[in-house]
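This report concerns only the one structure given below.
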Amino acid sequence: MKKIKMAVLDSGISENLSEKCSIIGKKNFYYDYYSEKIITDDDIEDLNGHGSACVETILNVFQNIDFYIIKILGVSGIAHDMTLIAALEYAEKLDVDIITLCSSLTYTRDNNELRKICDRIFSAGKVIVSSVENRHASSEPANFASVIGVSGGDIDDNCFSYNGSDEIQLRCSYKAAITAGSFGIRTIFQGNSRAAALASAQIARLMYDSRQNGKSLEELLTENSIVLESREKVVTDNNDLISEIPFDKEREKFFVDNEIGYHRFLYLLSEFFLYNDPSALRTEDLINFRNRKLLRKLENFLRAVEGRFGIKTDNIMLEDMTWAYVFYEKHIYNTAQRL
């Protein structure tokens with residue numbers, strides 16, 4: 001069966017990630033402030049990391065996708081509104097099923113043109129997915145009737161909540177995760193951008209299923225939606241994006257008493273924290289410890305873990321790094337058990 005075709009309008013994709021997915025088209029759009037014109041070329045190298053994080057998040061959920069990578073964001077992660085319009089006009093002509101925008105407009109001089117192009121794309125049977133601006137309940141173009149707007153919620157990565165009558169119809173997980181970034185260096189991806197990437201992946205999966213069962217996307221979204229207690233919460237603090245994991249004294253003691261590997265992991269942690277007493281790290285909140293020193297050396301830390309324990313650290317949620325024993329159990333102990 002044919003793959004789903006998706007255009008991702010973001011900051012491009014890193015070279016190492018592009019080798020792991022199917023890219024069938026590419027284009028770079030940027031606004032030249034001197035000539036006041038849109039310039040295009042085929043340079044889609046991700047200098048920001050946001051686009052790579054979007055693509056990897058999508059692939060972690062669903063892989064049967066051919067990608068068009070359309071770069072509209074540079075290092076700053078900011079694009080001129082005319083750049084978005086030009087990129088959407090280009091995507092309108094492509095043979096795609098889904099157009100993904102894991103970003104939003106914070107300012108536009110005139111949204112009439114943007115609304116018209118979104119309406120045309122929708123009328124052509126293509127789905128536009130757009131994230132709501134972080135710390136807002138609504139934003140453009142996510143709140144257009146022709147766009148599936150996405151905001152974040154405290155939801156499992158494999159679930160979503162959908163209500164077609166809402167202005168912002170879809171809710172997916174905003175939880176912080178560690179994903180691919182620019183130049184293959186892992187970064188933290190969170191908020192409504194991550195929710196939109198997950199939403200695009202879920203929609204792609206349902207579209208693929210609809211080709212077999214004949215149901216419409218609307219039917220499948222409604223059937224597979226979970227019920228949330230509230231759909232109104234807007235995240236205002238990055239700390240809301242990290243789930244609190246209570247310390248499990250008995251589980252931690254199990255690894256202390258039974259796993260020499262856990263002690264080796266603590267010694268490795270102490271090297272990155274420049275700490276003289278590895279045992280003290282057993283009960284420290286690693287995410288907040290010493291002003292998140294570990295996160296500033298995230299890529300070096302993960303490479304050291306992979307080299308020391310002979311594993312690959314994939315699909316890590318930021319909450320996995322709350323306690324040393326949690327990271328050890330999920331990404332070292334359980335991995336070794338599967339080998």
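Chain labels follow the order of the structure tokens: the first chain is A, the next B, and so on; residue numbering restarts at 1 in every chain, and ligands are counted from 1 in their shown order.
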
**Report entry** Residues of stretch 28-152 of chain A in alpha helix (DSSP H), written as a PyMOL selection string
**Finding:** chain A and resi 50-61+81-92+112-123

Per residue of stretch 177-204 of chain A within 10 Å of stretch 54-57 of chain A, what are the shortest atom pair and its distance in Å to one decimal, counting only C-alpha atoms, with rows by chain and residue number, as a tab-separated table?
```
residue	atom	partner	partner_atom	distance
A:Ala177	CA	A:Thr57	CA	9.0
A:Ile178	CA	A:Thr57	CA	9.5
A:Thr179	CA	A:Glu56	CA	6.7
A:Ala180	CA	A:Glu56	CA	6.5
A:Gly181	CA	A:Glu56	CA	9.0
A:Phe189	CA	A:Cys54	CA	8.3
A:Ser193	CA	A:Cys54	CA	7.6
A:Arg194	CA	A:Cys54	CA	6.7
A:Ala195	CA	A:Thr57	CA	9.5
A:Ala196	CA	A:Cys54	CA	8.4
A:Ala197	CA	A:Cys54	CA	5.4
A:Leu198	CA	A:Thr57	CA	6.5
A:Ser200	CA	A:Cys54	CA	9.6
A:Ala201	CA	A:Thr57	CA	8.1
```

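Closest approach to A:Asn16 from the set A:Glu36, A:Asp46, A:Asp95, A:Glu244 is made by A:Asp46, with distances taken over only C-alpha atoms.
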
Query raised in the report: Between A:Glu306, A:Glu223, A:Glu250, A:Asp43, which one has atoms that come closest to A:Cys159, using only C-alpha atoms?
Result: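 Counting only C-alpha atoms, the residue closest to A:Cys159 is A:Glu223.
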
Report task. Figure out the distance between atom CA of A:Val75 and atom CA of A:Leu94, please, to one decimal in Å. Result ->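 Computing it gives 26.0 Å between the two atoms.
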
Report summary line: For A:Val127, the closest of A:Gly307, A:Gly51, A:Gly149, A:Gly12 counting only C-alpha atoms is A:Gly149

Query raised in the report: Of the candidates A:Asn134, A:Phe327, A:Ile148, A:His80, which shows the shortest atom-to-atom distance to A:Thr100, using only C-alpha atoms?
Result: A:Ile148

Query raised in the report: Between atom CA of A:Ile23 and atom CA of A:Met207, what is the distance, to one decimal in Å?
Result: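 Going from atom CA of A:Ile23 over to atom CA of A:Met207 covers 19.1 Å.
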
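Nearest to A:Arg171 of all the residues A:Ile155, A:Leu269, A:Leu101, A:Val96 is A:Ile155, counting only C-alpha atoms.
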